[in-house]
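Content type mmCIF, C-alpha atoms, from the file entry-v9.cif:
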data_start
#
loop_
_atom_site.label_atom_id
_atom_site.label_comp_id
_atom_site.auth_asym_id
_atom_site.auth_seq_id
_atom_site.Cartn_x
_atom_site.Cartn_y
_atom_site.Cartn_z
CA MET A 1 108.17 124.74 144.27
CA LYS A 2 108.91 123.08 140.99
CA GLN A 3 110.48 119.70 141.33
CA TYR A 4 112.23 119.52 137.97
CA LYS A 5 113.38 121.78 135.18
CA SER A 6 110.98 120.78 132.41
CA LYS A 7 110.53 122.07 128.86
CA HIS A 8 106.85 121.32 128.35
CA GLY A 9 105.43 123.01 131.42
CA TYR A 10 104.19 119.87 133.15
CA GLU A 11 105.44 119.01 136.56
CA GLY A 12 107.18 115.80 135.51
CA LEU A 13 110.04 115.10 133.15
CA LEU A 14 109.98 113.50 129.74
CA ILE A 15 113.04 111.50 128.74
CA VAL A 16 113.15 109.70 125.42
CA ILE A 17 115.46 106.94 124.26
CA GLU A 18 115.57 106.55 120.50
CA GLY A 19 117.38 104.17 118.24
CA THR A 20 116.63 101.40 115.77
CA ASP A 21 115.83 97.83 116.72
CA GLY A 22 118.78 96.16 118.40
CA SER A 23 120.38 99.43 119.48
CA GLY A 24 120.13 98.50 123.17
CA LYS A 25 117.31 100.84 124.19
CA SER A 26 115.45 98.45 126.49
CA THR A 27 118.55 97.52 128.46
CA GLN A 28 119.43 101.14 129.01
CA ILE A 29 115.88 102.07 129.92
CA ASN A 30 115.79 99.39 132.61
CA ARG A 31 119.06 100.61 134.09
CA LEU A 32 118.03 104.24 133.92
CA LYS A 33 114.67 103.51 135.52
CA ARG A 34 116.33 101.74 138.44
CA TRP A 35 118.86 104.53 138.85
CA ILE A 36 116.22 107.26 138.92
CA GLU A 37 114.10 105.26 141.35
CA ASP A 38 117.16 104.98 143.59
CA GLN A 39 117.23 108.77 143.67
CA SER A 40 113.69 108.66 145.15
CA TYR A 41 111.76 109.84 142.10
CA GLY A 42 108.64 108.27 140.67
CA VAL A 43 109.37 106.72 137.28
CA MET A 44 107.11 105.44 134.56
CA VAL A 45 108.13 103.71 131.34
CA SER A 46 106.00 103.56 128.23
CA GLU A 47 106.94 101.77 125.05
CA TRP A 48 106.05 102.46 121.46
CA LYS A 49 102.96 100.62 120.21
CA THR A 50 101.51 99.48 123.52
CA SER A 51 98.09 101.11 123.72
CA LYS A 52 95.32 98.72 124.70
CA PHE A 53 93.17 98.47 121.60
CA ILE A 54 95.27 99.82 118.85
CA ALA A 55 98.43 97.80 119.45
CA ASP A 56 96.39 94.65 118.90
CA ALA A 57 94.98 96.03 115.68
CA ILE A 58 98.49 96.88 114.48
CA ASN A 59 99.86 93.44 115.31
CA ASP A 60 96.91 91.75 113.67
CA ALA A 61 97.22 93.86 110.52
CA LYS A 62 100.95 93.25 110.36
CA GLU A 63 100.44 89.53 110.70
CA ARG A 64 97.92 89.48 107.90
CA ASN A 65 100.15 91.79 105.90
CA LEU A 66 97.36 94.28 105.40
CA LEU A 67 99.11 97.59 105.86
CA ASN A 68 100.14 100.16 103.30
CA ALA A 69 102.43 103.09 104.06
CA THR A 70 99.55 105.38 105.01
CA THR A 71 97.58 103.01 107.21
CA PHE A 72 100.87 101.95 108.83
CA SER A 73 101.64 105.54 109.67
CA LEU A 74 98.14 106.47 110.87
CA LEU A 75 97.75 103.40 113.05
CA TYR A 76 100.96 104.18 114.88
CA ALA A 77 99.80 107.77 115.23
CA ALA A 78 96.54 106.55 116.77
CA ASP A 79 98.45 104.33 119.16
CA PHE A 80 100.59 107.28 120.14
CA ALA A 81 97.62 109.64 120.63
CA ASP A 82 95.97 107.09 122.86
CA ARG A 83 99.06 106.51 125.01
CA LEU A 84 99.81 110.21 125.21
CA GLU A 85 96.35 111.08 126.47
CA ASN A 86 95.81 108.09 128.74
CA ILE A 87 99.28 107.34 130.05
CA ILE A 88 101.98 109.87 129.30
CA LEU A 89 100.22 113.17 130.05
CA PRO A 90 98.57 111.98 133.27
CA ALA A 91 101.97 110.77 134.52
CA LEU A 92 103.67 114.03 133.56
CA LYS A 93 100.95 116.04 135.24
CA ALA A 94 101.33 113.94 138.37
CA GLY A 95 105.04 114.73 138.46
CA PHE A 96 106.53 111.44 137.29
CA VAL A 97 109.73 111.06 135.36
CA VAL A 98 108.43 109.45 132.19
CA ILE A 99 110.90 107.41 130.16
CA LEU A 100 109.75 106.64 126.66
CA ASP A 101 111.06 103.81 124.57
CA ARG A 102 110.84 105.55 121.15
CA TYR A 103 108.92 108.73 120.44
CA ILE A 104 107.65 110.66 117.42
CA TYR A 105 111.15 110.54 115.90
CA THR A 106 110.68 106.81 115.31
CA ALA A 107 107.59 107.62 113.27
CA TYR A 108 109.43 110.34 111.38
CA ALA A 109 112.30 108.01 110.49
CA ARG A 110 110.20 105.02 109.47
CA ASP A 111 107.49 106.93 107.66
CA VAL A 112 109.86 109.13 105.69
CA VAL A 113 111.63 105.96 104.56
CA ARG A 114 108.18 104.64 103.53
CA GLY A 115 107.73 107.69 101.33
CA HIS A 116 105.73 110.10 103.46
CA ASN A 117 106.28 113.83 103.41
CA ILE A 118 107.89 115.10 106.60
CA GLU A 119 105.56 118.11 106.80
CA TRP A 120 102.56 115.80 106.76
CA LEU A 121 104.12 113.77 109.58
CA LYS A 122 104.97 116.81 111.66
CA ASN A 123 101.34 117.90 111.49
CA LEU A 124 100.24 114.42 112.49
CA TYR A 125 102.26 114.67 115.72
CA ASP A 126 102.17 118.43 116.27
CA TYR A 127 100.48 118.12 119.68
CA ALA A 128 103.21 115.94 121.18
CA PRO A 129 105.03 117.66 124.07
CA GLU A 130 108.69 118.47 123.57
CA PRO A 131 110.86 116.03 125.55
CA ASP A 132 113.27 117.35 128.14
CA MET A 133 115.98 115.09 126.85
CA VAL A 134 116.35 112.71 123.90
CA PHE A 135 119.08 110.08 123.82
CA TYR A 136 119.91 108.47 120.55
CA LEU A 137 121.78 105.17 120.60
CA ASP A 138 123.82 105.14 117.46
CA VAL A 139 124.75 101.69 116.16
CA PRO A 140 126.01 100.94 112.63
CA VAL A 141 123.82 98.70 110.54
CA GLU A 142 126.31 95.78 110.38
CA ILE A 143 126.34 95.50 114.17
CA LEU A 144 122.54 95.83 114.32
CA LEU A 145 122.25 92.97 111.87
CA LYS A 146 124.44 90.73 114.01
CA ARG A 147 122.50 91.58 117.16
CA ILE A 148 119.11 90.98 115.56
CA ILE A 149 120.07 87.75 113.82
CA GLY A 150 121.58 86.50 117.09
CA THR A 151 118.42 87.22 119.10
CA THR A 152 114.97 87.60 117.58
CA GLY A 153 115.88 86.94 113.97
CA LEU A 154 114.94 89.13 111.03
CA ASP A 155 111.35 90.31 111.05
CA TYR A 156 109.34 91.21 107.93
CA TRP A 157 108.53 94.78 108.98
CA GLU A 158 111.83 95.52 110.72
CA SER A 159 113.45 94.57 107.47
CA GLY A 160 111.19 96.92 105.54
CA ARG A 161 110.05 94.07 103.31
CA ASP A 162 106.70 95.83 102.80
CA ILE A 163 108.36 98.51 100.69
CA GLY A 164 110.01 96.09 98.32
CA LEU A 165 113.64 97.20 98.68
CA SER A 166 114.98 93.73 98.02
CA THR A 167 113.63 90.18 98.00
CA ASP A 168 116.70 89.16 99.98
CA PHE A 169 115.93 89.42 103.70
CA TYR A 170 119.45 90.31 104.78
CA LYS A 171 119.85 92.90 102.09
CA SER A 172 116.40 94.37 102.71
CA PHE A 173 117.18 94.84 106.40
CA GLN A 174 120.49 96.43 105.53
CA ILE A 175 118.95 98.93 103.13
CA TYR A 176 115.88 99.69 105.25
CA GLN A 177 117.65 100.14 108.58
CA GLY A 178 120.42 102.04 106.79
CA LYS A 179 117.83 104.50 105.51
CA CYS A 180 116.28 104.79 108.98
CA LEU A 181 119.73 105.51 110.42
CA ASP A 182 120.19 108.28 107.84
CA GLU A 183 116.93 109.85 108.98
CA TYR A 184 118.00 109.66 112.63
CA GLN A 185 121.32 111.29 111.72
CA LYS A 186 119.44 114.19 110.16
CA MET A 187 117.34 114.64 113.29
CA ILE A 188 120.25 114.73 115.77
CA LYS A 189 120.90 118.40 115.13
CA GLU A 190 117.35 119.49 114.39
CA TYR A 191 115.99 118.13 117.66
CA GLY A 192 119.13 118.30 119.79
CA PHE A 193 119.45 114.55 120.40
CA ILE A 194 122.24 113.47 122.69
CA SER A 195 123.87 110.91 120.46
CA ILE A 196 125.68 108.07 122.20
CA ASP A 197 127.88 105.46 120.59
CA GLY A 198 125.73 102.35 121.03
CA THR A 199 128.67 100.02 120.52
CA LEU A 200 130.16 100.98 123.89
CA SER A 201 129.63 98.67 126.85
CA GLU A 202 126.29 98.69 128.67
CA LYS A 203 127.93 100.23 131.67
CA GLU A 204 129.66 103.01 129.75
CA ILE A 205 126.45 103.97 127.98
CA HIS A 206 124.58 103.99 131.27
CA LYS A 207 127.19 106.28 132.84
CA LYS A 208 126.89 108.73 129.96
CA ILE A 209 123.12 108.75 130.21
CA ILE A 210 122.97 109.38 133.94
CA SER A 211 125.59 112.11 133.78
CA GLU A 212 123.19 113.97 131.44
CA VAL A 213 120.02 113.14 133.35
CA LYS A 214 121.57 114.54 136.51
CA ASN A 215 121.48 117.95 134.85
CA ILE A 216 117.70 118.00 134.62
CA LEU A 217 116.88 116.39 137.94
CA ASP A 218 117.10 118.63 140.97
CA MET A 219 120.04 117.05 142.70
CA MET B 1 109.75 120.05 100.53
CA LYS B 2 106.39 121.72 101.10
CA TYR B 3 103.47 119.40 101.54
CA LYS B 4 100.64 119.83 99.10
CA SER B 5 97.28 118.39 99.99
CA ARG B 6 95.79 116.23 97.26
CA LEU B 7 92.33 117.34 98.34
CA ASN B 8 92.72 120.63 96.50
CA GLN B 9 93.83 119.32 93.12
CA PRO B 10 91.95 117.29 90.51
CA HIS B 11 92.85 113.60 90.58
CA ASN B 12 93.49 113.08 86.85
CA LEU B 13 92.42 109.45 87.05
CA PRO B 14 90.05 108.02 84.42
CA GLY B 15 87.23 107.26 86.87
CA THR B 16 84.76 109.54 88.63
CA LEU B 17 84.35 109.99 92.35
CA VAL B 18 80.91 110.99 93.63
CA CYS B 19 80.29 111.48 97.34
CA VAL B 20 77.30 112.20 99.52
CA GLU B 21 77.56 113.97 102.85
CA GLY B 22 75.21 115.12 105.59
CA ILE B 23 74.10 114.17 109.06
CA ASP B 24 72.17 110.96 109.69
CA GLY B 25 68.61 110.98 108.50
CA SER B 26 69.31 113.34 105.62
CA GLY B 27 68.34 110.69 103.08
CA LYS B 28 71.75 110.66 101.41
CA SER B 29 72.18 106.87 101.48
CA THR B 30 68.78 106.33 99.89
CA GLN B 31 69.67 108.76 97.13
CA LEU B 32 73.00 107.10 96.52
CA VAL B 33 71.42 103.66 96.22
CA ILE B 34 68.84 104.90 93.71
CA LEU B 35 71.61 106.61 91.77
CA ARG B 36 73.70 103.43 91.76
CA ASP B 37 70.86 101.33 90.38
CA TRP B 38 70.23 103.90 87.67
CA LEU B 39 73.90 104.00 86.67
CA LYS B 40 74.01 100.21 86.60
CA SER B 41 70.93 100.09 84.42
CA LEU B 42 72.86 102.28 81.99
CA LYS B 43 75.67 99.69 82.02
CA GLN B 44 78.11 101.90 83.85
CA ASP B 45 80.85 100.34 85.99
CA VAL B 46 79.96 101.38 89.51
CA ILE B 47 81.29 100.56 92.95
CA PHE B 48 80.03 101.62 96.29
CA THR B 49 81.97 102.31 99.48
CA GLU B 50 80.84 103.32 102.94
CA TRP B 51 82.44 105.23 105.79
CA ASN B 52 84.14 103.14 108.48
CA SER B 53 83.78 99.81 106.75
CA SER B 54 87.30 98.54 106.07
CA ASP B 55 88.27 95.09 107.34
CA LEU B 56 91.46 96.51 108.72
CA ILE B 57 90.15 98.58 111.56
CA SER B 58 86.37 98.98 111.71
CA GLN B 59 86.07 96.21 114.33
CA THR B 60 88.60 97.94 116.56
CA THR B 61 86.78 101.23 116.23
CA LYS B 62 83.44 99.64 117.00
CA LEU B 63 84.83 97.87 120.06
CA ALA B 64 86.46 101.04 121.33
CA LYS B 65 83.22 102.95 120.83
CA LYS B 66 81.35 100.39 122.85
CA LYS B 67 83.69 100.92 125.76
CA ASN B 68 83.90 104.68 125.31
CA LEU B 69 87.65 104.51 125.68
CA LEU B 70 89.14 106.81 123.12
CA SER B 71 89.70 110.55 122.91
CA PRO B 72 88.43 112.61 119.95
CA ARG B 73 91.92 112.73 118.47
CA THR B 74 92.44 108.97 118.68
CA PHE B 75 89.04 108.42 117.12
CA SER B 76 89.88 110.82 114.37
CA LEU B 77 93.06 108.89 113.60
CA LEU B 78 91.27 105.54 113.62
CA HIS B 79 88.73 106.80 111.13
CA ALA B 80 91.62 108.08 109.04
CA VAL B 81 93.13 104.59 109.09
CA ASP B 82 89.86 103.14 107.89
CA PHE B 83 89.59 105.73 105.17
CA ALA B 84 93.22 105.34 104.05
CA ASP B 85 92.70 101.61 103.79
CA ARG B 86 89.60 101.93 101.63
CA LEU B 87 91.21 104.67 99.57
CA GLU B 88 94.20 102.52 98.63
CA GLN B 89 92.38 99.20 98.36
CA ILE B 90 89.10 100.23 96.78
CA ILE B 91 88.73 103.82 95.69
CA ILE B 92 91.99 104.52 93.86
CA PRO B 93 92.17 101.16 92.03
CA ALA B 94 88.56 101.64 90.89
CA LEU B 95 89.27 105.18 89.72
CA LYS B 96 92.29 103.90 87.82
CA ALA B 97 90.09 101.28 86.19
CA GLY B 98 87.62 103.96 85.12
CA PHE B 99 84.80 103.16 87.54
CA ILE B 100 82.27 105.54 88.93
CA VAL B 101 82.96 105.35 92.65
CA LEU B 102 80.04 106.19 94.92
CA ALA B 103 81.09 107.04 98.46
CA ASP B 104 78.55 107.21 101.26
CA ARG B 105 80.41 109.80 103.33
CA TYR B 106 83.93 110.97 102.58
CA VAL B 107 86.64 112.98 104.35
CA TYR B 108 84.19 115.84 104.96
CA THR B 109 82.45 113.61 107.50
CA ALA B 110 85.69 113.56 109.47
CA PHE B 111 86.15 117.29 109.10
CA ALA B 112 82.61 117.93 110.34
CA ARG B 113 82.37 115.38 113.15
CA ASP B 114 85.90 115.60 114.50
CA VAL B 115 85.86 119.37 114.60
CA ALA B 116 82.44 119.28 116.27
CA ARG B 117 84.20 117.12 118.89
CA GLY B 118 86.86 119.76 119.40
CA VAL B 119 89.64 118.51 117.13
CA ASP B 120 91.62 121.29 115.45
CA PRO B 121 90.18 121.96 111.95
CA SER B 122 93.51 122.56 110.26
CA TRP B 123 95.08 119.50 111.88
CA VAL B 124 92.40 117.07 110.70
CA ARG B 125 92.41 118.56 107.18
CA LYS B 126 96.14 118.00 106.91
CA VAL B 127 95.85 114.47 108.29
CA TYR B 128 93.61 113.65 105.30
CA GLY B 129 95.91 115.41 102.85
CA PHE B 130 96.59 112.10 101.09
CA SER B 131 92.99 111.74 99.92
CA VAL B 132 91.69 112.16 96.40
CA LYS B 133 89.54 115.15 95.51
CA PRO B 134 86.00 114.05 94.56
CA ASP B 135 84.53 115.08 91.22
CA LEU B 136 81.23 115.80 92.92
CA THR B 137 80.11 115.97 96.53
CA LEU B 138 76.50 116.53 97.48
CA TYR B 139 75.73 117.87 100.92
CA PHE B 140 72.25 116.88 102.07
CA ASN B 141 71.17 119.67 104.34
CA VAL B 142 68.66 118.59 106.95
CA SER B 143 67.98 120.24 110.29
CA GLU B 144 68.98 118.45 113.46
CA GLU B 145 65.31 118.34 114.52
CA VAL B 146 64.23 116.51 111.37
CA SER B 147 67.25 114.26 111.61
CA LEU B 148 66.29 113.34 115.17
CA GLU B 149 62.71 112.60 114.17
CA ARG B 150 63.79 110.30 111.35
CA ILE B 151 66.62 108.51 113.15
CA CYS B 152 64.93 108.14 116.47
CA ALA B 153 61.39 107.37 115.41
CA ASN B 154 61.61 104.03 117.18
CA ARG B 155 64.78 104.14 119.29
CA SER B 156 66.77 106.57 121.38
CA PRO B 157 69.92 108.20 119.94
CA LYS B 158 73.11 106.16 120.29
CA PHE B 159 75.94 107.34 122.51
CA TYR B 160 78.29 108.68 119.83
CA GLU B 161 75.76 109.95 117.33
CA ALA B 162 74.34 111.99 120.20
CA GLY B 163 77.81 113.26 121.05
CA MET B 164 77.32 111.99 124.61
CA ASP B 165 81.09 111.62 124.92
CA LEU B 166 81.25 115.41 124.95
CA LYS B 167 79.06 115.61 128.04
CA ILE B 168 77.02 118.47 126.63
CA SER B 169 73.79 117.24 128.15
CA ASN B 170 72.65 114.18 130.08
CA ASP B 171 69.58 113.95 127.91
CA PRO B 172 70.49 112.00 124.75
CA TYR B 173 67.80 113.76 122.67
CA GLU B 174 68.99 117.18 123.73
CA SER B 175 72.63 116.21 123.29
CA TYR B 176 71.87 114.83 119.81
CA LYS B 177 70.38 118.11 118.68
CA ILE B 178 73.23 120.21 120.01
CA PHE B 179 75.92 117.93 118.63
CA GLN B 180 74.36 117.44 115.19
CA LYS B 181 73.79 121.18 114.93
CA ARG B 182 77.53 121.65 115.36
CA VAL B 183 78.20 119.03 112.71
CA ASN B 184 75.86 120.80 110.31
CA GLU B 185 77.60 124.09 110.98
CA GLU B 186 80.91 122.50 110.05
CA TYR B 187 79.40 121.13 106.84
CA LYS B 188 78.13 124.55 105.90
CA LYS B 189 81.63 126.00 106.20
CA MET B 190 82.78 123.44 103.66
CA ILE B 191 80.29 124.45 100.98
CA ASP B 192 82.63 127.23 99.87
CA GLU B 193 85.85 125.75 101.10
CA TYR B 194 85.53 122.51 99.11
CA GLY B 195 82.75 123.28 96.68
CA LEU B 196 80.19 120.95 98.23
CA VAL B 197 76.90 121.10 96.36
CA GLU B 198 74.08 121.75 98.80
CA ILE B 199 70.74 120.01 98.36
CA ASP B 200 67.63 120.57 100.43
CA ALA B 201 67.00 117.26 102.15
CA ASN B 202 63.37 118.19 102.83
CA ASP B 203 62.54 117.94 99.15
CA SER B 204 60.87 114.78 97.82
CA ILE B 205 62.89 111.68 96.99
CA HIS B 206 61.96 112.11 93.34
CA ASN B 207 63.04 115.77 93.10
CA LYS B 208 66.29 115.11 94.88
CA GLN B 209 67.08 112.23 92.55
CA ILE B 210 66.43 114.34 89.47
CA TYR B 211 68.75 117.01 90.78
CA PHE B 212 71.39 114.42 91.72
CA ARG B 213 71.28 112.75 88.30
CA ASN B 214 71.65 116.07 86.54
CA LYS B 215 74.72 116.91 88.58
CA VAL B 216 76.22 113.50 87.87
CA LYS B 217 75.48 113.85 84.16
CA GLU B 218 77.29 117.20 84.11
CA VAL B 219 80.37 115.76 85.77
CA LEU B 220 80.43 112.72 83.50
CA ALA B 221 79.92 114.88 80.42
CA GLN B 222 83.09 116.78 81.30
CA LYS B 223 84.88 113.43 81.08
CA GLY B 224 83.29 112.65 77.76
CA ILE B 225 80.68 110.24 79.10
CA ILE B 226 77.24 111.18 77.81
CA LEU B 227 74.33 109.52 79.61
#
Would you encode the structure as structure tokens?
Amino acid sequence: MKQYKSKHGYEGLLIVIEGTDGSGKSTQINRLKRWIEDQSYGVMVSEWKTSKFIADAINDAKERNLLNATTFSLLYAADFADRLENIILPALKAGFVVILDRYIYTAYARDVVRGHNIEWLKNLYDYAPEPDMVFYLDVPVEILLKRIIGTTGLDYWESGRDIGLSTDFYKSFQIYQGKCLDEYQKMIKEYGFISIDGTLSEKEIHKKIISEVKNILDM
Amino acid sequence: MKYKSRLNQPHNLPGTLVCVEGIDGSGKSTQLVILRDWLKSLKQDVIFTEWNSSDLISQTTKLAKKKNLLSPRTFSLLHAVDFADRLEQIIIPALKAGFIVLADRYVYTAFARDVARGVDPSWVRKVYGFSVKPDLTLYFNVSEEVSLERICANRSPKFYEAGMDLKISNDPYESYKIFQKRVNEEYKKMIDEYGLVEIDANDSIHNKQIYFRNKVKEVLAQKGIIL
């Protein structure tokens, strides 16, 4: 008996939450994880750029400002390949509900903005399993800016300073994240994202998410 | 927007890119060093770059190898990072400045080794689609038996060079031969595919160098450099 209705053929389920920095992904993932656990399913969360070796190399390179658009892209791809093979696939095979904080769409958005060809990127990630559901938290750039400035502050890479859009931090963030948002918008239809207004309250967003997730869990 | 690999089109930069390929023990590095010294003696601007040597990532790759932690695909991507870093930091700037760039191993090493490890050939070729097409690539053809004799005259084969991660055989010597044979087979496919120039690695150092210099002279002559 199959426990879930999955797209990729593994026993588990793959749920992705996408959105730019400050879109509220982590908060929603925590709530969703708890909710699914309450329904007596095994849940595992994996975040973008968290593989053992490679994440350190990425952070180190970022700190020393050593990355160009290609090494940036390939390092993230290596991190993803490592997590997919060591964490995500084993969990899916074991029947877990896997919630991913960002997926290949993050790479598509960021790397296209950094000048890479989308066909090259699609090849780079062509072995990634198709998620059962992708939520996209849509937040306009002005609100993102307020959230980021009010919490972590503007970061060099999140502001796309490496691609020289503007020497002004605020402006650079605005342009860079704006371009990323455009890329996400394009992907909504192509990949069937469930787009949710990220400016709604935490609770409202959570309710929308679980009403969709119920459809793919056997319940 | 269709993606066009740069590996199939001439680079149109003023410099010249010369690469050597082949399994370990084929004598390619020796030949490249002799060639470099010769070119320098003729007052040519030359730089030298080696596979898996960028500051950015080579330490990570080495550490991961030590612990045998990574899958063939992840390895492939880490080598691509290393290559992309050297390409942008060293190779392309030097080609723009008109240098003769000598590369000890190039993308064909990835195509041969990664595919021998089971990575999809078309996938890895597309991953490296950003690379520059060399003006000349010499493939030093040596049998896996000779390679083993030369490399392991005074030590046993190392874990990865023997392809022990593939669990082909528990005997490192046996595994080395099987794995390097696969790598050689992949190289041979690339002779036609990428126009690699094959050279018999069993020939003497002197004969190989004469052949190598003639090939380099031809390529440089096409760019108007007469040596």
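Nearest residue to Ile191 of chain B, choosing from B:Ala112, B:Val219, B:Leu69, B:Ala162 and counting all atoms listed in the file: B:Ala112.
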Got a sec to pull out which chain A residues are within 7 Å of chain B, counting all atoms listed in the file, and send them as an mmCIF file with C-alpha atoms, in the frame of the given file?
data_model
loop_
_atom_site.group_PDB
_atom_site.id
_atom_site.type_symbol
_atom_site.label_atom_id
_atom_site.label_comp_id
_atom_site.auth_asym_id
_atom_site.auth_seq_id
_atom_site.Cartn_x
_atom_site.Cartn_y
_atom_site.Cartn_z
ATOM 1 C CA PHE A 53 93.170 98.470 121.600
ATOM 2 C CA ALA A 57 94.980 96.030 115.680
ATOM 3 C CA ALA A 61 97.220 93.860 110.520
ATOM 4 C CA THR A 70 99.550 105.380 105.010
ATOM 5 C CA THR A 71 97.580 103.010 107.210
ATOM 6 C CA LEU A 74 98.140 106.470 110.870
ATOM 7 C CA LEU A 75 97.750 103.400 113.050
ATOM 8 C CA ALA A 78 96.540 106.550 116.770
ATOM 9 C CA ALA A 81 97.620 109.640 120.630
ATOM 10 C CA ASP A 82 95.970 107.090 122.860
ATOM 11 C CA ASN A 117 106.280 113.830 103.410
ATOM 12 C CA GLU A 119 105.560 118.110 106.800
ATOM 13 C CA TRP A 120 102.560 115.800 106.760
ATOM 14 C CA ASN A 123 101.340 117.900 111.490
ATOM 15 C CA LEU A 124 100.240 114.420 112.490
#
Quiz item: Written as number ranges by chain, what is the full residue list that the PyMOL selection byres ((chain B and resi 90-105) around 10) yields on the file shown?
Solution: B: 11-23, 28-33, 35-36, 39, 44-52, 54, 83-89, 106-110, 131-132, 134-139, 220
Take the residues just selected and output them with C-alpha atoms as a compact mmCIF listing (two decimals), keeping the file's coordinate frame.
# COMPACT_ATOMS: atom_id res chain seq x y z
CA HIS B 11 92.85 113.60 90.58
CA ASN B 12 93.49 113.08 86.85
CA LEU B 13 92.42 109.45 87.05
CA PRO B 14 90.05 108.02 84.42
CA GLY B 15 87.23 107.26 86.87
CA THR B 16 84.76 109.54 88.63
CA LEU B 17 84.35 109.99 92.35
CA VAL B 18 80.91 110.99 93.63
CA CYS B 19 80.29 111.48 97.34
CA VAL B 20 77.30 112.20 99.52
CA GLU B 21 77.56 113.97 102.85
CA GLY B 22 75.21 115.12 105.59
CA ILE B 23 74.10 114.17 109.06
CA LYS B 28 71.75 110.66 101.41
CA SER B 29 72.18 106.87 101.48
CA THR B 30 68.78 106.33 99.89
CA GLN B 31 69.67 108.76 97.13
CA LEU B 32 73.00 107.10 96.52
CA VAL B 33 71.42 103.66 96.22
CA LEU B 35 71.61 106.61 91.77
CA ARG B 36 73.70 103.43 91.76
CA LEU B 39 73.90 104.00 86.67
CA GLN B 44 78.11 101.90 83.85
CA ASP B 45 80.85 100.34 85.99
CA VAL B 46 79.96 101.38 89.51
CA ILE B 47 81.29 100.56 92.95
CA PHE B 48 80.03 101.62 96.29
CA THR B 49 81.97 102.31 99.48
CA GLU B 50 80.84 103.32 102.94
CA TRP B 51 82.44 105.23 105.79
CA ASN B 52 84.14 103.14 108.48
CA SER B 54 87.30 98.54 106.07
CA PHE B 83 89.59 105.73 105.17
CA ALA B 84 93.22 105.34 104.05
CA ASP B 85 92.70 101.61 103.79
CA ARG B 86 89.60 101.93 101.63
CA LEU B 87 91.21 104.67 99.57
CA GLU B 88 94.20 102.52 98.63
CA GLN B 89 92.38 99.20 98.36
CA TYR B 106 83.93 110.97 102.58
CA VAL B 107 86.64 112.98 104.35
CA TYR B 108 84.19 115.84 104.96
CA THR B 109 82.45 113.61 107.50
CA ALA B 110 85.69 113.56 109.47
CA SER B 131 92.99 111.74 99.92
CA VAL B 132 91.69 112.16 96.40
CA PRO B 134 86.00 114.05 94.56
CA ASP B 135 84.53 115.08 91.22
CA LEU B 136 81.23 115.80 92.92
CA THR B 137 80.11 115.97 96.53
CA LEU B 138 76.50 116.53 97.48
CA TYR B 139 75.73 117.87 100.92
CA LEU B 220 80.43 112.72 83.50
Quiz prompt | Gly164 of chain A surroundings by only C-alpha atoms, 12 Å radius, close-in-sequence under 2 positions cut, as a PyMOL selection string | solution = chain A and resi 68-69+113-114+156-157+159-162+166-169+171-173+175-176
Practice problem: Tell me which of A:Pro140, A:Gly153, A:Gly19, A:Gly178 sits closest to Ile104 of chain A, counting all atoms listed in the file. | Solution: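 Comparing A:Pro140, A:Gly153, A:Gly19, A:Gly178 against Ile104 of chain A, the winner is A:Gly19.
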Hey, can you pull every residue with an atom no more than 8 Å from (108.3, 107.5, 138.7), using only C-alpha atoms, and send it as a short mmCIF file (atom, residue, chain, number, x, y, z; two decimals) with C-alpha atoms, in the coordinates of the input?
data_model
loop_
_atom_site.label_atom_id
_atom_site.label_comp_id
_atom_site.auth_asym_id
_atom_site.auth_seq_id
_atom_site.Cartn_x
_atom_site.Cartn_y
_atom_site.Cartn_z
CA ILE A 36 116.22 107.26 138.92
CA GLU A 37 114.10 105.26 141.35
CA TYR A 41 111.76 109.84 142.10
CA GLY A 42 108.64 108.27 140.67
CA VAL A 43 109.37 106.72 137.28
CA MET A 44 107.11 105.44 134.56
CA GLY A 95 105.04 114.73 138.46
CA PHE A 96 106.53 111.44 137.29
CA VAL A 97 109.73 111.06 135.36
CA VAL A 98 108.43 109.45 132.19
#
Quiz item: What is the distance between atom CA of Glu18 of chain A and atom CA of Val134 of chain A, in Å to one decimal?
Solution: 7.1 Å
Quiz prompt | Matched chain/residue IDs from the PyMOL selection byres ((chain B and resi 163-177) around 10), as a VMD selection string | solution = chain B and resid 65 68 to 72 113 116 to 118 143 to 149 152 156 to 162 178 to 183
Starting from the shown file, work through the PyMOL selection byres ((chain A and resi 91) around 12) and note down what comes out as a short mmCIF file (atom, residue, chain, number, x, y, z; two decimals) with C-alpha atoms, in the frame of the given file.
data_model
loop_
_atom_site.label_atom_id
_atom_site.label_comp_id
_atom_site.auth_asym_id
_atom_site.auth_seq_id
_atom_site.Cartn_x
_atom_site.Cartn_y
_atom_site.Cartn_z
CA TYR A 10 104.19 119.87 133.15
CA GLU A 11 105.44 119.01 136.56
CA GLY A 12 107.18 115.80 135.51
CA LEU A 13 110.04 115.10 133.15
CA LEU A 14 109.98 113.50 129.74
CA GLY A 42 108.64 108.27 140.67
CA VAL A 43 109.37 106.72 137.28
CA MET A 44 107.11 105.44 134.56
CA VAL A 45 108.13 103.71 131.34
CA SER A 46 106.00 103.56 128.23
CA ARG A 83 99.06 106.51 125.01
CA LEU A 84 99.81 110.21 125.21
CA GLU A 85 96.35 111.08 126.47
CA ASN A 86 95.81 108.09 128.74
CA ILE A 87 99.28 107.34 130.05
CA ILE A 88 101.98 109.87 129.30
CA LEU A 89 100.22 113.17 130.05
CA PRO A 90 98.57 111.98 133.27
CA LEU A 92 103.67 114.03 133.56
CA LYS A 93 100.95 116.04 135.24
CA ALA A 94 101.33 113.94 138.37
CA GLY A 95 105.04 114.73 138.46
CA PHE A 96 106.53 111.44 137.29
CA VAL A 97 109.73 111.06 135.36
CA VAL A 98 108.43 109.45 132.19
CA ILE A 99 110.90 107.41 130.16
CA LEU A 100 109.75 106.64 126.66
#
